[in-house]
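input12.cif follows; it contains mmCIF, C-alpha atoms.
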data_work
loop_
_atom_site.label_atom_id
_atom_site.label_comp_id
_atom_site.auth_asym_id
_atom_site.auth_seq_id
_atom_site.Cartn_x
_atom_site.Cartn_y
_atom_site.Cartn_z
CA MET A 1 24.57 -11.56 80.14
CA SER A 2 20.90 -10.58 79.66
CA LYS A 3 19.51 -7.42 81.18
CA VAL A 4 16.16 -7.88 82.92
CA SER A 5 14.05 -5.08 84.33
CA VAL A 6 11.65 -5.92 87.15
CA ILE A 7 8.82 -3.45 87.66
CA GLY A 8 7.63 -3.15 91.25
CA THR A 9 9.09 -3.42 94.73
CA THR A 10 6.65 -5.95 96.19
CA SER A 11 7.98 -9.02 97.98
CA TRP A 12 7.46 -11.10 94.83
CA ALA A 13 9.07 -8.51 92.55
CA THR A 14 12.08 -8.32 94.86
CA THR A 15 12.31 -12.11 95.06
CA LEU A 16 12.26 -12.46 91.28
CA ALA A 17 14.88 -9.74 90.91
CA ILE A 18 17.16 -11.50 93.41
CA LEU A 19 16.59 -14.86 91.72
CA LEU A 20 17.37 -13.48 88.26
CA ALA A 21 20.50 -11.77 89.58
CA ARG A 22 21.67 -14.94 91.31
CA ASN A 23 21.32 -16.67 87.94
CA GLY A 24 23.69 -14.15 86.36
CA SER A 25 21.41 -11.60 84.69
CA GLU A 26 22.01 -7.89 85.03
CA VAL A 27 18.88 -6.87 86.94
CA VAL A 28 17.26 -3.47 87.47
CA LEU A 29 14.47 -3.22 90.04
CA HIS A 30 12.23 -0.29 89.17
CA SER A 31 10.62 1.80 91.90
CA ARG A 32 7.92 4.37 91.21
CA THR A 33 9.57 6.95 93.52
CA GLU A 34 13.10 8.27 93.74
CA THR A 35 12.96 8.22 97.54
CA GLU A 36 12.16 4.51 97.69
CA ALA A 37 14.72 3.67 95.02
CA LEU A 38 17.46 5.52 96.89
CA SER A 39 16.53 3.82 100.18
CA LEU A 40 16.59 0.34 98.61
CA GLN A 41 19.85 1.04 96.83
CA ILE A 42 21.53 2.24 100.04
CA ASP A 43 20.12 -0.56 102.23
CA ARG A 44 20.81 -3.24 99.58
CA GLU A 45 17.72 -5.09 100.77
CA ASN A 46 13.96 -4.55 100.82
CA ARG A 47 13.48 -4.00 104.55
CA ARG A 48 9.75 -3.34 104.19
CA PHE A 49 8.72 -6.46 102.28
CA LEU A 50 11.68 -8.87 102.31
CA ALA A 51 14.04 -8.02 105.14
CA GLY A 52 17.16 -10.09 105.61
CA PHE A 53 17.82 -10.96 101.96
CA PRO A 54 20.64 -8.82 100.52
CA PHE A 55 20.68 -7.79 96.88
CA PRO A 56 23.34 -9.43 94.68
CA ALA A 57 26.02 -7.09 93.31
CA ASN A 58 24.56 -7.30 89.79
CA MET A 59 21.16 -5.98 90.95
CA THR A 60 20.45 -2.25 91.09
CA VAL A 61 17.41 -0.17 92.00
CA THR A 62 16.26 2.96 90.19
CA SER A 63 13.24 5.13 89.47
CA ASN A 64 14.87 6.48 86.31
CA LEU A 65 12.97 5.17 83.28
CA LYS A 66 15.95 5.43 80.94
CA ASP A 67 18.08 3.32 83.28
CA THR A 68 15.26 0.83 83.70
CA MET A 69 14.34 0.28 80.06
CA ALA A 70 17.61 0.93 78.19
CA GLU A 71 19.08 -2.29 76.76
CA ALA A 72 16.64 -4.47 78.70
CA GLU A 73 15.63 -7.63 76.88
CA VAL A 74 12.96 -8.81 79.31
CA VAL A 75 10.58 -6.72 81.44
CA VAL A 76 8.91 -8.48 84.38
CA LEU A 77 5.90 -6.83 86.01
CA ALA A 78 5.18 -7.98 89.58
CA VAL A 79 2.77 -5.37 90.89
CA PRO A 80 -0.79 -5.59 92.31
CA SER A 81 -3.38 -6.26 89.63
CA GLN A 82 -5.26 -3.07 90.46
CA SER A 83 -2.21 -0.92 89.67
CA PHE A 84 -0.97 -3.04 86.76
CA ALA A 85 -2.32 -0.75 84.03
CA ALA A 86 -1.02 2.35 85.86
CA ASN A 87 2.46 0.84 85.98
CA ILE A 88 2.37 0.27 82.23
CA VAL A 89 1.47 3.93 81.76
CA ASP A 90 4.43 4.88 83.97
CA ILE A 91 7.03 2.88 82.04
CA LEU A 92 5.63 3.48 78.54
CA PRO A 93 7.60 6.71 77.96
CA GLY A 94 10.85 4.81 78.56
CA MET A 95 10.21 2.18 75.90
CA GLU A 96 12.52 2.52 72.92
CA LYS A 97 12.60 -0.96 71.33
CA GLU A 98 10.96 -4.40 71.55
CA TYR A 99 10.81 -6.28 74.86
CA ILE A 100 9.59 -9.58 76.19
CA PHE A 101 6.96 -8.73 78.80
CA VAL A 102 6.36 -11.19 81.63
CA SER A 103 3.44 -10.79 84.01
CA ALA A 104 4.09 -12.20 87.48
CA THR A 105 0.82 -10.75 88.80
CA LYS A 106 -2.06 -13.02 89.84
CA GLY A 107 -5.34 -11.20 89.45
CA LEU A 108 -8.02 -9.76 87.19
CA GLU A 109 -8.54 -6.10 86.30
CA THR A 110 -11.41 -4.46 88.13
CA GLY A 111 -14.27 -3.51 85.83
CA THR A 112 -13.05 -5.47 82.79
CA SER A 113 -12.08 -8.87 84.27
CA ASN A 114 -9.07 -8.75 81.93
CA ARG A 115 -6.09 -10.98 82.56
CA MET A 116 -2.74 -9.22 82.85
CA SER A 117 -1.57 -10.43 79.43
CA GLU A 118 -4.69 -8.85 77.93
CA ILE A 119 -3.81 -5.54 79.59
CA LEU A 120 -0.27 -5.75 78.20
CA SER A 121 -1.61 -6.37 74.68
CA ARG A 122 -4.16 -3.58 75.04
CA ASP A 123 -1.99 -0.86 76.57
CA ILE A 124 1.43 -1.36 74.96
CA PRO A 125 1.88 -0.54 71.26
CA SER A 126 2.76 -3.67 69.27
CA ARG A 127 6.03 -2.11 68.06
CA PHE A 128 7.41 -2.52 71.59
CA ILE A 129 6.37 -6.16 72.04
CA THR A 130 8.56 -9.13 71.15
CA GLY A 131 6.29 -11.43 73.14
CA ILE A 132 4.08 -11.71 76.22
CA ALA A 133 4.26 -14.38 78.91
CA ALA A 134 2.81 -15.09 82.35
CA LEU A 135 4.53 -16.65 85.35
CA SER A 136 2.46 -18.49 87.94
CA GLY A 137 2.69 -21.31 90.47
CA PRO A 138 3.00 -22.13 94.17
CA ASN A 139 5.61 -19.44 94.74
CA LEU A 140 5.54 -18.06 98.27
CA SER A 141 8.21 -15.36 98.17
CA LYS A 142 10.06 -16.14 101.38
CA GLU A 143 10.41 -19.82 100.50
CA VAL A 144 11.72 -19.04 97.00
CA VAL A 145 14.22 -16.42 98.14
CA ARG A 146 15.51 -18.78 100.85
CA GLY A 147 16.32 -21.33 98.17
CA MET A 148 13.70 -23.87 99.22
CA PRO A 149 12.72 -26.22 96.33
CA SER A 150 9.86 -24.69 94.32
CA ALA A 151 8.29 -25.02 90.89
CA THR A 152 6.54 -22.56 88.62
CA VAL A 153 5.10 -22.31 85.11
CA VAL A 154 5.84 -19.76 82.40
CA ALA A 155 3.19 -19.58 79.70
CA SER A 156 3.10 -17.95 76.29
CA GLN A 157 1.65 -18.69 72.89
CA ASP A 158 5.21 -18.38 71.53
CA GLU A 159 7.49 -21.28 72.46
CA SER A 160 10.64 -19.23 71.93
CA ILE A 161 9.41 -16.78 74.60
CA THR A 162 8.73 -19.46 77.20
CA ASP A 163 12.11 -21.06 76.49
CA LYS A 164 13.88 -17.73 77.00
CA VAL A 165 12.15 -16.95 80.29
CA GLN A 166 12.62 -20.52 81.48
CA GLN A 167 16.37 -20.30 81.04
CA LEU A 168 16.57 -16.96 82.84
CA LEU A 169 14.77 -18.26 85.94
CA LEU A 170 15.68 -21.94 86.08
CA SER A 171 17.94 -22.99 88.94
CA LYS A 172 18.64 -26.06 91.06
CA TYR A 173 16.01 -24.92 93.57
CA PHE A 174 13.53 -23.14 91.25
CA ARG A 175 12.18 -25.53 88.62
CA VAL A 176 10.47 -23.77 85.70
CA TYR A 177 8.02 -25.56 83.43
CA THR A 178 6.72 -24.15 80.13
CA ASN A 179 3.14 -24.14 78.91
CA SER A 180 1.35 -22.76 75.86
CA ASP A 181 -1.95 -22.31 77.77
CA LEU A 182 -1.67 -18.64 78.69
CA ILE A 183 -5.35 -18.41 79.64
CA GLY A 184 -5.23 -21.41 81.96
CA VAL A 185 -2.03 -20.38 83.71
CA GLU A 186 -3.27 -16.85 84.34
CA LEU A 187 -6.73 -17.89 85.51
CA GLY A 188 -5.29 -20.63 87.70
CA GLY A 189 -3.11 -18.05 89.44
CA ALA A 190 -5.92 -15.53 89.83
CA LEU A 191 -8.83 -17.75 90.83
CA LYS A 192 -6.96 -19.85 93.39
CA ASN A 193 -6.87 -16.78 95.64
CA ILE A 194 -10.64 -17.06 95.99
CA LEU A 195 -10.26 -20.60 97.30
CA ALA A 196 -7.58 -19.42 99.72
CA LEU A 197 -10.04 -16.91 101.17
CA GLY A 198 -12.55 -19.73 101.63
CA ALA A 199 -9.95 -22.03 103.21
CA GLY A 200 -8.99 -19.26 105.60
CA ILE A 201 -12.61 -18.65 106.57
CA SER A 202 -12.92 -22.38 107.31
CA ASP A 203 -9.81 -22.20 109.51
CA GLY A 204 -11.11 -19.10 111.28
CA LEU A 205 -14.39 -20.84 112.05
CA GLY A 206 -12.44 -23.66 113.64
CA PHE A 207 -13.45 -26.32 111.16
CA GLY A 208 -11.19 -29.30 110.51
CA ASP A 209 -9.39 -30.80 107.55
CA ASN A 210 -12.54 -32.48 106.21
CA ALA A 211 -14.25 -29.14 105.71
CA LYS A 212 -11.23 -27.45 104.17
CA SER A 213 -10.38 -30.30 101.81
CA SER A 214 -14.01 -30.49 100.67
CA LEU A 215 -14.12 -26.76 100.05
CA ILE A 216 -10.84 -26.81 98.12
CA THR A 217 -11.92 -29.75 95.96
CA ARG A 218 -15.35 -28.38 95.10
CA GLY A 219 -13.88 -24.93 94.68
CA LEU A 220 -11.32 -26.26 92.23
CA SER A 221 -14.20 -27.70 90.19
CA GLU A 222 -15.65 -24.18 89.98
CA VAL A 223 -12.30 -22.74 88.92
CA SER A 224 -11.89 -25.42 86.27
CA ARG A 225 -15.40 -24.85 84.86
CA LEU A 226 -14.83 -21.13 84.54
CA ALA A 227 -11.32 -21.44 83.13
CA VAL A 228 -12.44 -23.95 80.48
CA ALA A 229 -15.35 -21.71 79.54
CA CYS A 230 -12.81 -18.91 79.01
CA GLY A 231 -10.73 -21.12 76.71
CA ALA A 232 -8.27 -22.82 79.07
CA ASN A 233 -7.08 -26.41 78.93
CA PRO A 234 -8.60 -28.24 81.95
CA LEU A 235 -5.30 -30.06 82.52
CA THR A 236 -3.64 -26.72 83.30
CA ILE A 237 -5.95 -26.17 86.26
CA TYR A 238 -4.85 -29.50 87.73
CA GLY A 239 -1.17 -28.71 87.21
CA ILE A 240 1.44 -26.54 88.93
CA ALA A 241 -0.27 -23.23 88.08
CA GLY A 242 -3.65 -24.49 89.30
CA LEU A 243 -3.80 -27.27 91.87
CA GLY A 244 -0.18 -26.70 92.90
CA ASP A 245 -0.84 -23.06 93.68
CA VAL A 246 -4.14 -23.90 95.38
CA MET A 247 -2.40 -26.28 97.78
CA ALA A 248 0.17 -23.66 98.78
CA THR A 249 -2.14 -20.69 99.20
CA CYS A 250 -4.93 -22.61 100.94
CA THR A 251 -2.69 -24.17 103.57
CA SER A 252 0.38 -22.00 104.16
CA PRO A 253 0.59 -19.50 107.04
CA LEU A 254 2.52 -17.31 104.57
CA SER A 255 -0.55 -16.97 102.33
CA ARG A 256 -2.04 -13.48 102.50
CA ASN A 257 -5.42 -14.55 101.12
CA ARG A 258 -5.75 -17.44 103.56
CA TYR A 259 -4.84 -15.01 106.37
CA VAL A 260 -7.58 -12.57 105.34
CA GLY A 261 -10.11 -15.39 105.23
CA GLU A 262 -9.05 -16.66 108.64
CA CYS A 263 -9.49 -13.20 110.17
CA ILE A 264 -12.97 -12.94 108.62
CA GLY A 265 -13.86 -16.37 109.99
CA ARG A 266 -12.89 -15.11 113.45
CA GLY A 267 -15.29 -12.19 113.11
CA GLN A 268 -12.95 -9.36 112.13
CA ASN A 269 -13.95 -6.54 109.78
CA LEU A 270 -12.65 -6.85 106.21
CA ASN A 271 -11.67 -3.20 105.80
CA GLU A 272 -9.76 -3.24 109.08
CA ILE A 273 -7.95 -6.43 108.04
CA LEU A 274 -6.87 -4.97 104.71
CA ALA A 275 -5.80 -1.68 106.31
CA SER A 276 -3.50 -3.56 108.68
CA MET A 277 -1.63 -5.35 105.87
CA ASN A 278 1.49 -4.21 103.99
CA ASN A 279 0.79 -6.52 101.05
CA VAL A 280 -2.27 -6.91 98.83
CA ALA A 281 -4.70 -9.83 99.13
CA GLU A 282 -5.59 -10.21 95.45
CA GLY A 283 -8.50 -12.58 96.10
CA VAL A 284 -10.65 -9.80 97.55
CA TYR A 285 -10.58 -7.99 94.20
CA THR A 286 -10.75 -11.15 92.10
CA VAL A 287 -14.05 -12.43 93.53
CA PRO A 288 -16.36 -9.90 91.78
CA GLU A 289 -14.46 -10.23 88.51
CA ALA A 290 -14.70 -14.02 88.63
CA LEU A 291 -18.44 -13.75 89.15
CA SER A 292 -18.65 -11.30 86.25
CA LEU A 293 -16.92 -13.85 84.01
CA ALA A 294 -19.15 -16.61 85.40
CA SER A 295 -22.23 -14.59 84.48
CA ARG A 296 -20.85 -13.91 81.01
CA PHE A 297 -20.15 -17.58 80.34
CA LYS A 298 -23.10 -18.94 82.37
CA VAL A 299 -20.93 -20.91 84.82
CA ASP A 300 -22.30 -21.92 88.22
CA MET A 301 -19.94 -20.93 91.08
CA PRO A 302 -21.78 -21.37 94.40
CA ILE A 303 -18.68 -21.26 96.62
CA THR A 304 -17.37 -18.10 94.96
CA HIS A 305 -20.83 -16.55 95.25
CA SER A 306 -20.94 -17.39 98.96
CA ILE A 307 -17.50 -15.87 99.55
CA SER A 308 -18.62 -12.75 97.69
CA ARG A 309 -21.64 -12.37 99.98
CA ILE A 310 -19.40 -12.76 103.06
CA LEU A 311 -16.95 -10.12 101.80
CA ARG A 312 -19.81 -7.70 101.15
CA GLY A 313 -21.23 -8.32 104.61
CA ASP A 314 -24.50 -9.68 103.22
CA ILE A 315 -24.25 -12.93 105.18
CA SER A 316 -22.24 -14.33 108.07
CA PRO A 317 -19.65 -17.05 107.44
CA GLU A 318 -21.71 -19.43 109.58
CA ASP A 319 -24.91 -18.85 107.60
CA SER A 320 -22.98 -19.17 104.35
CA VAL A 321 -21.70 -22.60 105.39
CA ASN A 322 -25.27 -23.66 106.22
CA ASP A 323 -26.48 -22.51 102.79
CA LEU A 324 -23.76 -24.47 101.00
CA MET A 325 -24.27 -27.62 103.06
CA THR A 326 -28.04 -27.67 102.51
CA ARG A 327 -28.01 -27.14 98.75
CA ILE A 328 -30.00 -29.68 96.72
CA PRO A 329 -27.90 -32.90 96.50
CA HIS A 330 -26.57 -33.86 93.08
CA ASN A 331 -23.90 -35.96 91.37
CA GLU A 332 -20.29 -34.96 91.76
#
Could you rewrite the structure in this file as structure tokens?
Amino acid sequence: MSKVSVIGTTSWATTLAILLARNGSEVVLHSRTETEALSLQIDRENRRFLAGFPFPANMTVTSNLKDTMAEAEVVVLAVPSQSFAANIVDILPGMEKEYIFVSATKGLETGTSNRMSEILSRDIPSRFITGIAALSGPNLSKEVVRGMPSATVVASQDESITDKVQQLLLSKYFRVYTNSDLIGVELGGALKNILALGAGISDGLGFGDNAKSSLITRGLSEVSRLAVACGANPLTIYGIAGLGDVMATCTSPLSRNRYVGECIGRGQNLNEILASMNNVAEGVYTVPEALSLASRFKVDMPITHSISRILRGDISPEDSVNDLMTRIPHNE
């Protein structure tokens, strides 16, 4: 039986921990505070983020680094992108051997535009790293934990790493594909949140399916252009970790980023929307980093630029739509 440590107590972290435990792994869910760890361990469920889904007997919760890292073979990080580096700093003192690190976070680091795998390589000494992988796909937590059929992609430049993680997570209701395109899988997962914001804004404005499908399609072209410029395989962006994730997050009522966009489209204030949420809407923080990458690689991203202006309050959603619709016509 493999021991897997899951860092974070988000809904996705908790879902992955439950899934891994159901598959037979010994799982430790790591909390940053002793108070939260004790509460989760006593309740045997995450009442704040994932109420109603009990922890399997082979899943424990702790804030003790020694208990978290000792004998673990795989370490999964499922925390917000903006606290990803801080979480690495927190667990670094507990590292005592090599681990396979798996990022289940979909975002880009503020100020550097780094992908999560780049942060892992940068901040963890190589003597502790067996391999680095990323997990991404249309994986809405509540659907996965309920056992609804879902698919995901695990990516690494090392095939033995992807095979290992695939076997740990694979089940009859959670299909895991492998991919060597780490850049594409990570950027697909991060950039699709921008499109979800746009789809939500369209919904909030009361537009129909024509508008949303057009926005998603043209937005996906932007995502593909940027990802390819960064070194991704374009086919990845039209696979499970790209198009698959776009479809889920742009249409599902469970999507946090679509929800934020919808509220903006209805005229609500962004800061008030974010303050009212328990979970993080990664797309809000990804937009400026995507534009930073676009500037670096000279990639045109008009939809992303428009969403950025809306988030900053520089333009109304209605005026933004007018600007996009009256751009100079050109070939698809």
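Residue nearest Leu274 in chain A, chosen from A:Pro253, A:Gly261, A:Gly244, A:Gly231 and counting only C-alpha atoms: A:Gly261.
Of the listed residues A:Ser63, A:Thr10, A:Ser180, A:Ser160, the one whose atoms come nearest to Gly94 in chain A is A:Ser63, with distances taken using only C-alpha atoms.
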**Report entry** CA of Gly204 in chain A to CA of Ile264 in chain A, straight-line distance in Å
**Finding:** 7.0 Å
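Atom to atom, CA of Asp209 in chain A and CA of Thr326 in chain A stand 19.6 Å apart.
The interatomic distance for the pair CA of Gly239 in chain A and CA of Val321 in chain A works out to 28.1 Å.
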Query raised in the report: Which residue, A:Asn210, A:Thr236, A:Pro93, A:Asn322, has the smallest gap to Asn179 in chain A when you use only C-alpha atoms?
Result: A:Thr236
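Applied to the file shown here, the PyMOL selection byres ((chain A and resi 203) around 10) selects Leu197, Gly198, Ala199, Gly200, Ile201, Ser202, Gly204, Leu205, Gly206, Phe207, Gly208, Asp209, Ala211, Lys212, Cys250, Thr251, Arg258, Tyr259, Gly261, Glu262, Cys263, Ile264, Gly265 and Arg266 of chain A.
Residues of protein, DNA or RNA having at least one counted atom within 9 Å of (-11.3, -24.8, 93.9), given all atoms listed in the file, are Leu191, Lys192, Ile194, Leu195, Ala196, Leu215, Ile216, Thr217, Arg218, Gly219, Leu220, Ser221, Glu222, Val223, Ser224, Gly242, Leu243, Val246 and Ile303 of chain A.
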Using the file's own x, y and z axes, what box holds all listed atoms of range 232-237 of chain A with 5 Å on each side, keeping edges along x, y and z, and what are its centre and edge lengths in Å to one decimal, as lines of an AutoDock Vina configuration file?
center_x = -6.1
center_y = -26.4
center_z = 82.6
size_x = 15.0
size_y = 17.2
size_z = 17.3
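Checking A:Pro125, A:Gly184, A:Gly8, A:Pro329 one by one against Thr68 in chain A, counting all atoms listed in the file, you find the shortest gap at A:Gly8.
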Please evaluate the PyMOL selection byres ((chain A and resi 12) around 9) against the displayed coordinates and give the resulting residues as an mmCIF file with C-alpha atoms, in the frame of the given file.
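Result file part.cif:
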data_model
loop_
_atom_site.group_PDB
_atom_site.id
_atom_site.type_symbol
_atom_site.label_atom_id
_atom_site.label_comp_id
_atom_site.auth_asym_id
_atom_site.auth_seq_id
_atom_site.Cartn_x
_atom_site.Cartn_y
_atom_site.Cartn_z
ATOM 1 C CA GLY A 8 7.630 -3.150 91.250
ATOM 2 C CA THR A 9 9.090 -3.420 94.730
ATOM 3 C CA THR A 10 6.650 -5.950 96.190
ATOM 4 C CA SER A 11 7.980 -9.020 97.980
ATOM 5 C CA ALA A 13 9.070 -8.510 92.550
ATOM 6 C CA THR A 14 12.080 -8.320 94.860
ATOM 7 C CA THR A 15 12.310 -12.110 95.060
ATOM 8 C CA LEU A 16 12.260 -12.460 91.280
ATOM 9 C CA ALA A 17 14.880 -9.740 90.910
ATOM 10 C CA PHE A 49 8.720 -6.460 102.280
ATOM 11 C CA LEU A 50 11.680 -8.870 102.310
ATOM 12 C CA ALA A 78 5.180 -7.980 89.580
ATOM 13 C CA VAL A 79 2.770 -5.370 90.890
ATOM 14 C CA ALA A 104 4.090 -12.200 87.480
ATOM 15 C CA THR A 105 0.820 -10.750 88.800
ATOM 16 C CA ASN A 139 5.610 -19.440 94.740
ATOM 17 C CA LEU A 140 5.540 -18.060 98.270
ATOM 18 C CA SER A 141 8.210 -15.360 98.170
ATOM 19 C CA LYS A 142 10.060 -16.140 101.380
#
**Report entry** Picked residues, the PyMOL selection byres ((chain A and resi 101) around 7), as number ranges by chain
**Finding:** A: 74-76, 99-100, 102-103, 131-133
Kindly output range 39-54 of chain A as a PDB file, in the frame of the given file, after building N, CA and C atoms.
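Output below, filename rebuild_25.pdb:
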ATOM      1  N   SER A  39      16.501   4.577  98.917  1.00  0.00           N
ATOM      2  CA  SER A  39      16.530   3.820 100.180  1.00  0.00           C
ATOM      3  C   SER A  39      16.900   2.359  99.931  1.00  0.00           C
ATOM      4  N   LEU A  40      16.298   1.745  98.923  1.00  0.00           N
ATOM      5  CA  LEU A  40      16.590   0.340  98.610  1.00  0.00           C
ATOM      6  C   LEU A  40      18.024   0.170  98.135  1.00  0.00           C
ATOM      7  N   GLN A  41      18.498   1.124  97.356  1.00  0.00           N
ATOM      8  CA  GLN A  41      19.850   1.040  96.830  1.00  0.00           C
ATOM      9  C   GLN A  41      20.889   1.189  97.949  1.00  0.00           C
ATOM     10  N   ILE A  42      20.615   2.041  98.913  1.00  0.00           N
ATOM     11  CA  ILE A  42      21.530   2.240 100.040  1.00  0.00           C
ATOM     12  C   ILE A  42      21.492   1.039 100.987  1.00  0.00           C
ATOM     13  N   ASP A  43      20.270   0.562 101.295  1.00  0.00           N
ATOM     14  CA  ASP A  43      20.120  -0.560 102.230  1.00  0.00           C
ATOM     15  C   ASP A  43      20.582  -1.881 101.625  1.00  0.00           C
ATOM     16  N   ARG A  44      20.484  -1.995 100.304  1.00  0.00           N
ATOM     17  CA  ARG A  44      20.810  -3.240  99.580  1.00  0.00           C
ATOM     18  C   ARG A  44      19.955  -4.407 100.050  1.00  0.00           C
ATOM     19  N   GLU A  45      18.735  -4.091 100.474  1.00  0.00           N
ATOM     20  CA  GLU A  45      17.720  -5.090 100.770  1.00  0.00           C
ATOM     21  C   GLU A  45      16.386  -4.378 100.867  1.00  0.00           C
ATOM     22  N   ASN A  46      15.293  -5.136 100.732  1.00  0.00           N
ATOM     23  CA  ASN A  46      13.960  -4.550 100.820  1.00  0.00           C
ATOM     24  C   ASN A  46      13.455  -4.771 102.254  1.00  0.00           C
ATOM     25  N   ARG A  47      13.783  -3.836 103.131  1.00  0.00           N
ATOM     26  CA  ARG A  47      13.480  -4.000 104.550  1.00  0.00           C
ATOM     27  C   ARG A  47      11.986  -3.994 104.842  1.00  0.00           C
ATOM     28  N   ARG A  48      11.190  -3.400 103.967  1.00  0.00           N
ATOM     29  CA  ARG A  48       9.750  -3.340 104.190  1.00  0.00           C
ATOM     30  C   ARG A  48       9.078  -4.676 103.865  1.00  0.00           C
ATOM     31  N   PHE A  49       9.428  -5.272 102.735  1.00  0.00           N
ATOM     32  CA  PHE A  49       8.720  -6.460 102.280  1.00  0.00           C
ATOM     33  C   PHE A  49       9.533  -7.754 102.358  1.00  0.00           C
ATOM     34  N   LEU A  50      10.869  -7.644 102.383  1.00  0.00           N
ATOM     35  CA  LEU A  50      11.680  -8.870 102.310  1.00  0.00           C
ATOM     36  C   LEU A  50      12.986  -8.654 103.069  1.00  0.00           C
ATOM     37  N   ALA A  51      12.858  -8.308 104.321  1.00  0.00           N
ATOM     38  CA  ALA A  51      14.040  -8.020 105.140  1.00  0.00           C
ATOM     39  C   ALA A  51      14.910  -9.253 105.322  1.00  0.00           C
ATOM     40  N   GLY A  52      16.221  -9.010 105.331  1.00  0.00           N
ATOM     41  CA  GLY A  52      17.160 -10.090 105.610  1.00  0.00           C
ATOM     42  C   GLY A  52      17.707 -10.799 104.384  1.00  0.00           C
ATOM     43  N   PHE A  53      17.336 -10.327 103.192  1.00  0.00           N
ATOM     44  CA  PHE A  53      17.820 -10.960 101.960  1.00  0.00           C
ATOM     45  C   PHE A  53      18.551  -9.914 101.110  1.00  0.00           C
ATOM     46  N   PRO A  54      19.863  -9.858 101.210  1.00  0.00           N
ATOM     47  CA  PRO A  54      20.640  -8.820 100.520  1.00  0.00           C
ATOM     48  C   PRO A  54      20.582  -8.953  99.001  1.00  0.00           C
TER      49      PRO A  54
END
